[in-house]
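Have a look at the structure below before the remarks.
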Amino acid sequence: MIALQFSGYFQCRLATDPDPADEPRGVSGFQWAVAGEDNFDRIIRLHDPVNPRIEKPPVGVFVRRVVLDGAEQPGHPLAGARVDLLDDPKYEGRNGIVARSGFEPIVPFHIKISQPGQGFVVQRESGITDPPYTDPPRPGLQATAQIYGSPGIIGAATGVWDFGSVLRARGEELAHRRAELKCDHPTAETATACAALGSRLACLNETARFAAVMHGFRLIYSFSLTGPGFFEDEEHRLDRPIETKVPWQIEFWMGAWDIDAMTGFMEGWLIVPQTEGGGTPAKPALAGAPGAVQPLEFTIVKDERMT
Amino acid sequence: VIETREELAHALSAAAELEHGLLLQYLFAAYSLEKFPAPATKLSAAQADQCRLWERRILGVARDEMRHLGTVCNLLSAIGESPQFRRPNFPRSASPVPSPLPAPGAAPATAEPSPFRFELTAFSSKTLFRFARAEKPEKAEFRPPPGGTSDGDDAVLFDYTGQLYRDIEAGFDRLARDLGEPGLFIGPRFAQDTGDWTNMMSIPNIRDGKTAAAAIQAIISQGEGSPEHREDSHFDIFEDLRAELAKAKFKPARPVVSNPRVHPNIFGAGDGTPITEPVTRDVASLSNSVYHTLLLMLMQYYSFSGENAQQLDGLREATRTTMSMAIRPIAEILTVLPVAPGSSKTAGPGFEIVNDLRLSTQLENRWTVLDERMQAHVEAAKTLAGSDARLTRLAFIADSLNGIATNLRRVAP
């Protein structure tokens, strides 16, 4: 059995309730496509962000740790592999129609872990293919819980312990850029940049307290992947092939929302069985690794419609 | 002077119609604003951004009016009366519910145009003037209307929204003294809207004279502000928007017609603009029908008759999601569809109430009626989506309506 821990920042440009879920620019919610930016497409991107607003931290989700048959593998060549979600996945909460806020299923769910150009690909679909709106809620792909306040886990994962100060610093930087561009009297050349800066500042000012709260908000996912899988390992980085016919287990959280950058942080584990032979039997999971979801001291709110 | 329960209910009904009528006018103006920069429109990116900021502010005010409408329904419920979602169609010169205000012999002021000519008009300086006038405090300074012209002097019996509410407040005070609070507040508390709608929006629960007065003051304050603090009041917001629009050197609204209508406005003041383009007409009919269903859901939600907590929650969620996932996007579609064949003018949501709003006397039947209506909306939206390339967004709306119907079915008796 191979367990891969992954983490990193992702981007998702989407309008939020009470905007319609397919609102292309964002109006009455707390995320807007500002002047000069493309329309929203709701896609969860683990790499290659569209119209990125900040340079650091960069968007990118990668494998961080490798555990083979229960044994930690420091320096394993798969550490650093790229993690992607394929086929334009979206949060399909539909403003509470499919799932309540904080429990949005990710549809479709199709994960790929690869080392581009090095002949290594691990890929699996969720196996849940019917449209999400026909039978809400979607217990298969929904978040199993939401945690309103999770500063410790988020701080430890991201290094950001005081997001309010991050936002204040960003607001000052944006204001400085507006001053540099002389946005009180914009020209034809600076009008778009000035409008964009003005809109971002307005959003930061309007939502400052809410934005800080949102950063500490986590969605927790845990489900099996049972759809078509693919495995390629030209360089034999693994001691034996991966099973693509039996379910894989994935669990992860998404949080550390930055409503200005429209990014979040995700961290989790993908547990993949391997074919028999050539390796030692799987050992119990590492403590703190692919185990129980969260400590009990957090406020875990369950969607009653899932029961 | 309000002296009886009937007169108080009458005035509250006028207030409900007023809030309902205002919020729809605000929504119409907000939806008329352009959304996209060139090449989709003639707007620069910065101008489109400005339109978005204006739309956001108007939608924020409309959301407050929704809360006011809910508050008025709770006030009606608290005194043992039924909620009020009936309202005249647009255009309408004044509320059809004669208000007992002001006192006999007191002539309504005519120096300023009536704020209560209910019209669906695009975002413009004239529209914003009408909105600001509707929210205007009696003694606030006020910039003149665009071009210095007045819209007319419709006969209304109150000239300021705040005036109506102050008289209602006085009516509550008098009746609480005359009847005693237990005699006035005879509606059960559990029949009021106590749910949490979204984004911390909740409707005040009315228990006694003190909570009634606080709820009314909150409405007045949100609309007018106070003499010392007008900032962020609706009046202040609309005056800001007027000033900003006066400086803008572009046309921010789509060419939507005023008071677009599928059906003749039999009881209204004028016919509005008939929608004659067949596809637009079909979409407008769907819009009206979904709006009718929304009002039925609201009536059922506020006319508590034995629904359990899960059912009330389901009704509230269905109402909320129908507003954001169906009413608004269908309205937005209408604002880009031609009102007549070959016309450069576009339509918009007419919010027409075509048939009477009726609630079944039997709880189970109410859910059946809702389900049948929702299924009809789903089918209509699906059919339209597949019939015209301009209507592809309706496929997403059909999915959403289907999901809302499914959720309602899950909690139905």
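Ligands are numbered from 1 in the order shown, chains are lettered A, B, ... in the order of the structure tokens, and residues start at 1 in each chain.
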
Non-local contacts of Gln5 (chain A) (8 Å; only C-alpha atoms; under 5 positions in same chain excluded) as a PDB file with N, CA, C and O atoms, in the first residue's frame:
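Here's the written file around_33.pdb:
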ATOM      1  N   VAL A  63       2.912  16.361  -4.007  1.00  0.00           N
ATOM      2  CA  VAL A  63       3.110  15.303  -3.023  1.00  0.00           C
ATOM      3  C   VAL A  63       4.231  15.744  -2.082  1.00  0.00           C
ATOM      4  O   VAL A  63       5.278  16.227  -2.528  1.00  0.00           O
ATOM      5  N   ARG A  64       3.965  15.620  -0.774  1.00  0.00           N
ATOM      6  CA  ARG A  64       4.956  16.051   0.215  1.00  0.00           C
ATOM      7  C   ARG A  64       5.618  14.875   0.929  1.00  0.00           C
ATOM      8  O   ARG A  64       6.768  14.953   1.317  1.00  0.00           O
ATOM      9  N   ARG A  65       4.855  13.799   1.150  1.00  0.00           N
ATOM     10  CA  ARG A  65       5.403  12.645   1.881  1.00  0.00           C
ATOM     11  C   ARG A  65       4.951  11.376   1.192  1.00  0.00           C
ATOM     12  O   ARG A  65       3.869  11.311   0.610  1.00  0.00           O
ATOM     13  N   VAL A  66       5.792  10.345   1.311  1.00  0.00           N
ATOM     14  CA  VAL A  66       5.467   9.046   0.738  1.00  0.00           C
ATOM     15  C   VAL A  66       5.634   7.995   1.830  1.00  0.00           C
ATOM     16  O   VAL A  66       6.665   7.954   2.515  1.00  0.00           O
ATOM     17  N   GLU A 267      -4.843  19.950   1.915  1.00  0.00           N
ATOM     18  CA  GLU A 267      -3.859  19.003   2.445  1.00  0.00           C
ATOM     19  C   GLU A 267      -4.571  17.678   2.681  1.00  0.00           C
ATOM     20  O   GLU A 267      -5.698  17.668   3.184  1.00  0.00           O
ATOM     21  N   GLY A 268      -3.935  16.582   2.309  1.00  0.00           N
ATOM     22  CA  GLY A 268      -4.592  15.302   2.545  1.00  0.00           C
ATOM     23  C   GLY A 268      -3.734  14.118   2.151  1.00  0.00           C
ATOM     24  O   GLY A 268      -2.530  14.262   1.884  1.00  0.00           O
ATOM     25  N   TRP A 269      -4.390  12.975   2.139  1.00  0.00           N
ATOM     26  CA  TRP A 269      -3.714  11.722   1.846  1.00  0.00           C
ATOM     27  C   TRP A 269      -4.504  10.943   0.796  1.00  0.00           C
ATOM     28  O   TRP A 269      -5.726  10.886   0.845  1.00  0.00           O
ATOM     29  N   LEU A 270      -3.746  10.324  -0.091  1.00  0.00           N
ATOM     30  CA  LEU A 270      -4.319   9.368  -1.024  1.00  0.00           C
ATOM     31  C   LEU A 270      -3.737   8.003  -0.689  1.00  0.00           C
ATOM     32  O   LEU A 270      -2.508   7.833  -0.653  1.00  0.00           O
TER      33      LEU A 270
END

* Find the residues of chain B in contact range of chain A, meaning any atom within 8 Å when counting only C-alpha atoms, and list them as number ranges by chain. => B: 35, 44-46, 48-50, 52-53, 55-56, 59-60, 317-318, 321, 324-325, 328-329, 399-400, 402-404, 406-407

* Calculate how many Å separate CA of Arg393 (chain B) from CA of Ile330 (chain B), rounding to one decimal. => 8.5 Å

* **Computed interatomic separation between CA of Glu172 (chain A) and CA of Leu201 (chain A) (Å)** => 9.1 Å

* Show which residues sit within 7 Å of Gly80 (chain B), as a ChimeraX atom specification. Count only C-alpha atoms, and ignore same-chain residues fewer than 3 positions away. => /B:76-77,186-187

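CA of Phe172 (chain B) lies 7.9 Å from CA of Ala213 (chain B).
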
* **Contacts of region 368-373 of chain B at 8 Å (only C-alpha atoms; same-chain gap of 2+ positions) as JSON, numbers by chain** => {"B": [293, 296, 297, 364, 365, 366, 375, 376, 377, 405, 408, 409]}

* Would you give me, as a ChimeraX atom specification, the residues in region 25-107 of chain A that DSSP reads as strand (DSSP E or B)? -> /A:43-45,59-68,71-72,82-85,90-91,106-107

Could the residues in this selection be saved with C-alpha atoms as a compact mmCIF listing (two decimals), in the first residue's frame?
# COMPACT_ATOMS: atom_id res chain seq x y z
CA ILE A 43 -12.97 25.56 -11.83
CA ILE A 44 -10.81 24.33 -8.96
CA ARG A 45 -7.25 24.69 -10.25
CA VAL A 59 -0.66 28.10 -6.49
CA GLY A 60 0.49 24.51 -6.72
CA VAL A 61 -0.37 21.22 -5.01
CA PHE A 62 2.35 18.60 -4.73
CA VAL A 63 3.11 15.30 -3.02
CA ARG A 64 4.96 16.05 0.21
CA ARG A 65 5.40 12.65 1.88
CA VAL A 66 5.47 9.05 0.74
CA VAL A 67 4.65 6.08 2.98
CA LEU A 68 5.14 2.58 1.58
CA ALA A 71 7.08 2.93 6.39
CA GLU A 72 8.01 6.57 5.86
CA ARG A 82 2.39 17.19 -9.19
CA VAL A 83 -1.22 16.72 -8.06
CA ASP A 84 -4.06 17.75 -10.38
CA LEU A 85 -7.82 17.52 -10.43
CA LYS A 90 -16.28 22.59 -9.44
CA TYR A 91 -17.87 23.03 -6.05
CA ILE A 106 -16.48 18.50 -5.88
CA VAL A 107 -17.82 17.34 -9.23

* Counting only C-alpha atoms, what is within 10 Å of Tyr165 (chain B), bar same-chain residues fewer than 4 positions away, as a list of chain:residue names? -> B:Ala11, B:Leu12, B:Ala15, B:Phe158, B:Tyr160, B:Thr161, B:Glu169, B:Ala170, B:Gly171, B:Ala213, B:Ile216, B:Gln217, B:Ile219, B:Ile220

Any chance you can output those residues with all heavy atoms as a JSON list (two decimals), in the first residue's frame?
[["chain", "number", "residue", "atom", "x", "y", "z"],
["B", 11, "ALA", "N", -53.02, 49.36, 7.53],
["B", 11, "ALA", "CA", -51.79, 50.15, 7.34],
["B", 11, "ALA", "C", -50.59, 49.23, 7.14],
["B", 11, "ALA", "O", -49.71, 49.52, 6.32],
["B", 11, "ALA", "CB", -51.57, 51.05, 8.56],
["B", 12, "LEU", "N", -50.55, 48.12, 7.88],
["B", 12, "LEU", "CA", -49.44, 47.17, 7.70],
["B", 12, "LEU", "C", -49.49, 46.54, 6.31],
["B", 12, "LEU", "O", -48.45, 46.27, 5.69],
["B", 12, "LEU", "CB", -49.47, 46.09, 8.79],
["B", 12, "LEU", "CG", -48.99, 46.55, 10.17],
["B", 12, "LEU", "CD1", -49.36, 45.53, 11.25],
["B", 12, "LEU", "CD2", -47.48, 46.78, 10.17],
["B", 15, "ALA", "N", -48.02, 48.89, 4.05],
["B", 15, "ALA", "CA", -46.56, 48.87, 4.21],
["B", 15, "ALA", "C", -45.96, 47.66, 3.49],
["B", 15, "ALA", "O", -44.90, 47.76, 2.85],
["B", 15, "ALA", "CB", -46.20, 48.84, 5.69],
["B", 158, "PHE", "N", -50.00, 59.00, 2.14],
["B", 158, "PHE", "CA", -48.81, 59.30, 2.93],
["B", 158, "PHE", "C", -47.74, 59.69, 1.93],
["B", 158, "PHE", "O", -47.71, 59.18, 0.82],
["B", 158, "PHE", "CB", -48.38, 58.13, 3.80],
["B", 158, "PHE", "CG", -48.28, 56.83, 3.06],
["B", 158, "PHE", "CD1", -47.08, 56.45, 2.47],
["B", 158, "PHE", "CD2", -49.36, 55.98, 2.96],
["B", 158, "PHE", "CE1", -46.98, 55.25, 1.79],
["B", 158, "PHE", "CE2", -49.28, 54.78, 2.26],
["B", 158, "PHE", "CZ", -48.08, 54.42, 1.67],
["B", 160, "TYR", "N", -44.33, 60.03, 2.78],
["B", 160, "TYR", "CA", -43.00, 59.55, 3.13],
["B", 160, "TYR", "C", -43.15, 58.15, 3.73],
["B", 160, "TYR", "O", -44.07, 57.90, 4.53],
["B", 160, "TYR", "CB", -42.32, 60.48, 4.15],
["B", 160, "TYR", "CG", -42.13, 61.86, 3.57],
["B", 160, "TYR", "CD1", -43.12, 62.83, 3.74],
["B", 160, "TYR", "CD2", -41.00, 62.16, 2.83],
["B", 160, "TYR", "CE1", -42.97, 64.09, 3.18],
["B", 160, "TYR", "CE2", -40.85, 63.42, 2.25],
["B", 160, "TYR", "CZ", -41.83, 64.38, 2.44],
["B", 160, "TYR", "OH", -41.69, 65.60, 1.87],
["B", 161, "THR", "N", -42.24, 57.26, 3.35],
["B", 161, "THR", "CA", -42.28, 55.91, 3.90],
["B", 161, "THR", "C", -42.20, 55.97, 5.42],
["B", 161, "THR", "O", -42.92, 55.28, 6.13],
["B", 161, "THR", "CB", -41.11, 55.09, 3.32],
["B", 161, "THR", "OG1", -41.20, 55.13, 1.89],
["B", 161, "THR", "CG2", -41.16, 53.66, 3.80],
["B", 169, "GLU", "N", -46.43, 52.80, 14.08],
["B", 169, "GLU", "CA", -45.87, 52.69, 15.42],
["B", 169, "GLU", "C", -46.81, 53.31, 16.45],
["B", 169, "GLU", "O", -47.07, 52.73, 17.52],
["B", 169, "GLU", "CB", -44.50, 53.37, 15.48],
["B", 169, "GLU", "CG", -43.77, 53.16, 16.80],
["B", 169, "GLU", "CD", -42.43, 53.87, 16.83],
["B", 169, "GLU", "OE1", -42.12, 54.64, 15.89],
["B", 169, "GLU", "OE2", -41.70, 53.67, 17.81],
["B", 170, "ALA", "N", -47.37, 54.47, 16.09],
["B", 170, "ALA", "CA", -48.32, 55.11, 17.00],
["B", 170, "ALA", "C", -49.57, 54.24, 17.17],
["B", 170, "ALA", "O", -50.15, 54.16, 18.26],
["B", 170, "ALA", "CB", -48.70, 56.49, 16.45],
["B", 171, "GLY", "N", -49.98, 53.58, 16.09],
["B", 171, "GLY", "CA", -51.13, 52.69, 16.16],
["B", 171, "GLY", "C", -50.86, 51.52, 17.11],
["B", 171, "GLY", "O", -51.73, 51.15, 17.92],
["B", 213, "ALA", "N", -42.04, 48.17, 18.36],
["B", 213, "ALA", "CA", -41.48, 49.52, 18.15],
["B", 213, "ALA", "C", -40.05, 49.42, 17.64],
["B", 213, "ALA", "O", -39.64, 50.17, 16.74],
["B", 213, "ALA", "CB", -41.54, 50.31, 19.45],
["B", 216, "ILE", "N", -40.02, 48.46, 13.97],
["B", 216, "ILE", "CA", -40.44, 49.57, 13.10],
["B", 216, "ILE", "C", -39.34, 50.62, 13.02],
["B", 216, "ILE", "O", -39.03, 51.15, 11.95],
["B", 216, "ILE", "CB", -41.76, 50.17, 13.64],
["B", 216, "ILE", "CG1", -42.89, 49.15, 13.48],
["B", 216, "ILE", "CG2", -42.10, 51.46, 12.91],
["B", 216, "ILE", "CD1", -44.14, 49.48, 14.26],
["B", 217, "GLN", "N", -38.73, 50.92, 14.16],
["B", 217, "GLN", "CA", -37.65, 51.90, 14.16],
["B", 217, "GLN", "C", -36.48, 51.43, 13.29],
["B", 217, "GLN", "O", -35.82, 52.24, 12.61],
["B", 217, "GLN", "CB", -37.17, 52.16, 15.59],
["B", 217, "GLN", "CG", -38.02, 53.17, 16.35],
["B", 217, "GLN", "CD", -38.11, 54.51, 15.63],
["B", 217, "GLN", "OE1", -37.12, 55.01, 15.08],
["B", 217, "GLN", "NE2", -39.30, 55.11, 15.59],
["B", 219, "ILE", "N", -36.68, 49.63, 10.63],
["B", 219, "ILE", "CA", -37.05, 49.85, 9.23],
["B", 219, "ILE", "C", -36.87, 51.32, 8.86],
["B", 219, "ILE", "O", -36.28, 51.66, 7.83],
["B", 219, "ILE", "CB", -38.52, 49.43, 8.98],
["B", 219, "ILE", "CG1", -38.66, 47.91, 9.12],
["B", 219, "ILE", "CG2", -38.98, 49.88, 7.60],
["B", 219, "ILE", "CD1", -40.10, 47.41, 9.03],
["B", 220, "ILE", "N", -37.36, 52.20, 9.74],
["B", 220, "ILE", "CA", -37.24, 53.64, 9.45],
["B", 220, "ILE", "C", -35.78, 54.05, 9.36],
["B", 220, "ILE", "O", -35.34, 54.74, 8.43],
["B", 220, "ILE", "CB", -37.95, 54.47, 10.55],
["B", 220, "ILE", "CG1", -39.46, 54.19, 10.54],
["B", 220, "ILE", "CG2", -37.69, 55.97, 10.36],
["B", 220, "ILE", "CD1", -40.22, 54.81, 11.71]]

* Residue set, region 189-258 of chain A restricted to alpha helix (DSSP H), as a list in words -> Ala191, Thr192, Ala193, Cys194, Ala195, Ala196, Leu197, Gly198, Ser199, Arg200, Leu201, Ala202, Cys203, Leu204, Asn205, Glu206, Thr207, Ala208, Arg209, Phe210, Ala211, Ala212, Val213, Met214 and His215 of chain A

* **For region 204-220 of chain A: contacts at 9 Å, only C-alpha atoms, fewer than 3 positions along chain excluded, given as number ranges by chain** => A: 30, 102-104, 142-155, 162-164, 167-168, 171, 199-201, 251-260, 264, 293-294

Same residues, C-alpha atoms, saved as a PDB file, in the first residue's frame:
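Generated file (out_13.pdb):
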ATOM      1  CA  PHE A  30     -17.960  38.447  -1.652  1.00  0.00           C
ATOM      2  CA  GLY A 102     -19.410  24.109   3.707  1.00  0.00           C
ATOM      3  CA  PHE A 103     -20.481  20.719   2.392  1.00  0.00           C
ATOM      4  CA  GLU A 104     -20.146  21.312  -1.345  1.00  0.00           C
ATOM      5  CA  GLN A 142     -19.815  15.983  -0.268  1.00  0.00           C
ATOM      6  CA  ALA A 143     -17.628  17.318   2.462  1.00  0.00           C
ATOM      7  CA  THR A 144     -18.263  15.210   5.518  1.00  0.00           C
ATOM      8  CA  ALA A 145     -17.900  18.111   7.909  1.00  0.00           C
ATOM      9  CA  GLN A 146     -17.069  21.770   8.116  1.00  0.00           C
ATOM     10  CA  ILE A 147     -15.028  23.403  10.814  1.00  0.00           C
ATOM     11  CA  TYR A 148     -15.652  27.085  11.397  1.00  0.00           C
ATOM     12  CA  GLY A 149     -12.555  27.860  13.408  1.00  0.00           C
ATOM     13  CA  SER A 150      -9.388  25.969  12.663  1.00  0.00           C
ATOM     14  CA  PRO A 151      -6.519  28.400  13.133  1.00  0.00           C
ATOM     15  CA  GLY A 152      -4.079  25.844  14.509  1.00  0.00           C
ATOM     16  CA  ILE A 153      -4.212  23.276  11.747  1.00  0.00           C
ATOM     17  CA  ILE A 154      -4.334  25.974   9.100  1.00  0.00           C
ATOM     18  CA  GLY A 155      -1.533  27.927  10.727  1.00  0.00           C
ATOM     19  CA  ASP A 162      -2.737  35.967  11.609  1.00  0.00           C
ATOM     20  CA  PHE A 163      -4.536  36.364   8.314  1.00  0.00           C
ATOM     21  CA  GLY A 164      -6.014  39.690   9.393  1.00  0.00           C
ATOM     22  CA  LEU A 167      -5.021  41.363   4.591  1.00  0.00           C
ATOM     23  CA  ARG A 168      -4.112  44.678   6.176  1.00  0.00           C
ATOM     24  CA  GLY A 171      -4.659  46.531   1.535  1.00  0.00           C
ATOM     25  CA  SER A 199     -12.645  47.046  -6.546  1.00  0.00           C
ATOM     26  CA  ARG A 200     -10.214  44.840  -4.651  1.00  0.00           C
ATOM     27  CA  LEU A 201      -9.782  47.496  -1.987  1.00  0.00           C
ATOM     28  CA  GLU A 251      -9.141  12.250   2.519  1.00  0.00           C
ATOM     29  CA  PHE A 252      -8.233  15.901   2.551  1.00  0.00           C
ATOM     30  CA  TRP A 253      -9.254  19.277   3.815  1.00  0.00           C
ATOM     31  CA  MET A 254      -9.649  22.557   1.979  1.00  0.00           C
ATOM     32  CA  GLY A 255      -9.429  25.834   3.847  1.00  0.00           C
ATOM     33  CA  ALA A 256      -7.301  28.920   4.420  1.00  0.00           C
ATOM     34  CA  TRP A 257      -9.602  30.771   2.029  1.00  0.00           C
ATOM     35  CA  ASP A 258      -8.251  34.023   0.707  1.00  0.00           C
ATOM     36  CA  ILE A 259     -11.292  35.765  -0.740  1.00  0.00           C
ATOM     37  CA  ASP A 260      -9.191  38.451  -2.394  1.00  0.00           C
ATOM     38  CA  GLY A 264      -7.328  28.173  -0.668  1.00  0.00           C
ATOM     39  CA  VAL A 293     -10.392  13.075  10.500  1.00  0.00           C
ATOM     40  CA  GLN A 294     -10.118  15.677  13.222  1.00  0.00           C
TER      41      GLN A 294
END

* Residues within 9 Å of Gln192 (chain B), only C-alpha atoms, excluding chain neighbours under 6 positions, as a PyMOL selection string -> chain B and resi 73-75+77-78+203-206+301-304

May I have the residues from that selection written out with all heavy atoms, as an mmCIF file, in the first residue's frame?
data_model
loop_
_atom_site.group_PDB
_atom_site.id
_atom_site.type_symbol
_atom_site.label_atom_id
_atom_site.label_comp_id
_atom_site.auth_asym_id
_atom_site.auth_seq_id
_atom_site.Cartn_x
_atom_site.Cartn_y
_atom_site.Cartn_z
ATOM 1 N N CYS B 73 -44.649 41.288 7.805
ATOM 2 C CA CYS B 73 -45.468 40.070 7.907
ATOM 3 C C CYS B 73 -45.460 39.533 9.336
ATOM 4 O O CYS B 73 -46.483 39.028 9.820
ATOM 5 C CB CYS B 73 -44.965 39.011 6.919
ATOM 6 S SG CYS B 73 -45.389 39.405 5.209
ATOM 7 N N ASN B 74 -44.319 39.634 10.004
ATOM 8 C CA ASN B 74 -44.277 39.229 11.412
ATOM 9 C C ASN B 74 -45.149 40.142 12.270
ATOM 10 O O ASN B 74 -45.816 39.689 13.212
ATOM 11 C CB ASN B 74 -42.841 39.245 11.930
ATOM 12 C CG ASN B 74 -42.142 37.905 11.752
ATOM 13 O OD1 ASN B 74 -42.726 36.950 11.229
ATOM 14 N ND2 ASN B 74 -40.895 37.822 12.183
ATOM 15 N N LEU B 75 -45.151 41.441 11.963
ATOM 16 C CA LEU B 75 -46.007 42.380 12.710
ATOM 17 C C LEU B 75 -47.482 42.020 12.494
ATOM 18 O O LEU B 75 -48.283 42.048 13.437
ATOM 19 C CB LEU B 75 -45.735 43.824 12.264
ATOM 20 C CG LEU B 75 -44.401 44.431 12.730
ATOM 21 C CD1 LEU B 75 -44.058 45.679 11.913
ATOM 22 C CD2 LEU B 75 -44.459 44.790 14.219
ATOM 23 N N SER B 77 -48.623 39.049 11.698
ATOM 24 C CA SER B 77 -48.844 37.778 12.392
ATOM 25 C C SER B 77 -48.998 37.995 13.895
ATOM 26 O O SER B 77 -49.829 37.359 14.550
ATOM 27 C CB SER B 77 -47.667 36.834 12.101
ATOM 28 O OG SER B 77 -47.849 35.609 12.738
ATOM 29 N N ALA B 78 -48.204 38.921 14.428
ATOM 30 C CA ALA B 78 -48.222 39.172 15.878
ATOM 31 C C ALA B 78 -49.586 39.672 16.343
ATOM 32 O O ALA B 78 -49.993 39.422 17.481
ATOM 33 C CB ALA B 78 -47.138 40.184 16.244
ATOM 34 N N ILE B 203 -35.254 37.822 10.628
ATOM 35 C CA ILE B 203 -36.385 38.730 10.757
ATOM 36 C C ILE B 203 -36.717 38.863 12.240
ATOM 37 O O ILE B 203 -36.813 37.851 12.942
ATOM 38 C CB ILE B 203 -37.616 38.167 10.009
ATOM 39 C CG1 ILE B 203 -37.234 37.720 8.590
ATOM 40 C CG2 ILE B 203 -38.755 39.178 9.988
ATOM 41 C CD1 ILE B 203 -36.797 38.813 7.665
ATOM 42 N N PRO B 204 -36.903 40.095 12.732
ATOM 43 C CA PRO B 204 -37.180 40.242 14.164
ATOM 44 C C PRO B 204 -38.496 39.581 14.572
ATOM 45 O O PRO B 204 -39.482 39.635 13.837
ATOM 46 C CB PRO B 204 -37.231 41.760 14.369
ATOM 47 C CG PRO B 204 -37.207 42.385 13.037
ATOM 48 C CD PRO B 204 -36.781 41.380 12.030
ATOM 49 N N ASN B 205 -38.469 38.960 15.712
ATOM 50 C CA ASN B 205 -39.650 38.317 16.282
ATOM 51 C C ASN B 205 -40.395 39.350 17.135
ATOM 52 O O ASN B 205 -39.792 40.051 17.943
ATOM 53 C CB ASN B 205 -39.190 37.122 17.133
ATOM 54 C CG ASN B 205 -40.310 36.142 17.397
ATOM 55 O OD1 ASN B 205 -40.461 35.668 18.502
ATOM 56 N ND2 ASN B 205 -41.091 35.831 16.390
ATOM 57 N N ILE B 206 -41.701 39.447 16.912
ATOM 58 C CA ILE B 206 -42.498 40.475 17.599
ATOM 59 C C ILE B 206 -43.246 39.820 18.761
ATOM 60 O O ILE B 206 -44.068 38.926 18.558
ATOM 61 C CB ILE B 206 -43.512 41.127 16.636
ATOM 62 C CG1 ILE B 206 -42.832 41.534 15.321
ATOM 63 C CG2 ILE B 206 -44.198 42.315 17.313
ATOM 64 C CD1 ILE B 206 -41.687 42.498 15.454
ATOM 65 N N TYR B 301 -44.921 29.806 3.970
ATOM 66 C CA TYR B 301 -43.929 29.922 5.048
ATOM 67 C C TYR B 301 -44.430 30.856 6.151
ATOM 68 O O TYR B 301 -44.238 30.594 7.335
ATOM 69 C CB TYR B 301 -42.617 30.438 4.450
ATOM 70 C CG TYR B 301 -41.503 30.591 5.446
ATOM 71 C CD1 TYR B 301 -40.919 29.471 6.034
ATOM 72 C CD2 TYR B 301 -41.027 31.848 5.807
ATOM 73 C CE1 TYR B 301 -39.885 29.606 6.953
ATOM 74 C CE2 TYR B 301 -39.990 31.988 6.720
ATOM 75 C CZ TYR B 301 -39.431 30.867 7.284
ATOM 76 O OH TYR B 301 -38.411 31.007 8.192
ATOM 77 N N TYR B 302 -45.088 31.950 5.734
ATOM 78 C CA TYR B 302 -45.550 32.929 6.724
ATOM 79 C C TYR B 302 -46.964 32.647 7.226
ATOM 80 O O TYR B 302 -47.441 33.336 8.119
ATOM 81 C CB TYR B 302 -45.485 34.345 6.142
ATOM 82 C CG TYR B 302 -44.101 34.956 6.202
ATOM 83 C CD1 TYR B 302 -43.222 34.849 5.145
ATOM 84 C CD2 TYR B 302 -43.661 35.615 7.352
ATOM 85 C CE1 TYR B 302 -41.944 35.397 5.206
ATOM 86 C CE2 TYR B 302 -42.390 36.158 7.427
ATOM 87 C CZ TYR B 302 -41.538 36.045 6.348
ATOM 88 O OH TYR B 302 -40.285 36.586 6.418
ATOM 89 N N SER B 303 -47.645 31.661 6.613
ATOM 90 C CA SER B 303 -49.000 31.324 7.059
ATOM 91 C C SER B 303 -48.956 29.996 7.799
ATOM 92 O O SER B 303 -49.589 29.033 7.397
ATOM 93 C CB SER B 303 -49.954 31.198 5.864
ATOM 94 O OG SER B 303 -49.942 32.353 5.106
ATOM 95 N N PHE B 304 -48.164 29.943 8.807
ATOM 96 C CA PHE B 304 -47.917 28.699 9.527
ATOM 97 C C PHE B 304 -49.222 27.962 9.831
ATOM 98 O O PHE B 304 -50.143 28.524 10.397
ATOM 99 C CB PHE B 304 -47.203 29.016 10.832
ATOM 100 C CG PHE B 304 -46.892 27.809 11.652
ATOM 101 C CD1 PHE B 304 -45.752 27.074 11.406
ATOM 102 C CD2 PHE B 304 -47.741 27.394 12.655
ATOM 103 C CE1 PHE B 304 -45.469 25.955 12.146
ATOM 104 C CE2 PHE B 304 -47.461 26.274 13.403
ATOM 105 C CZ PHE B 304 -46.326 25.556 13.148
#
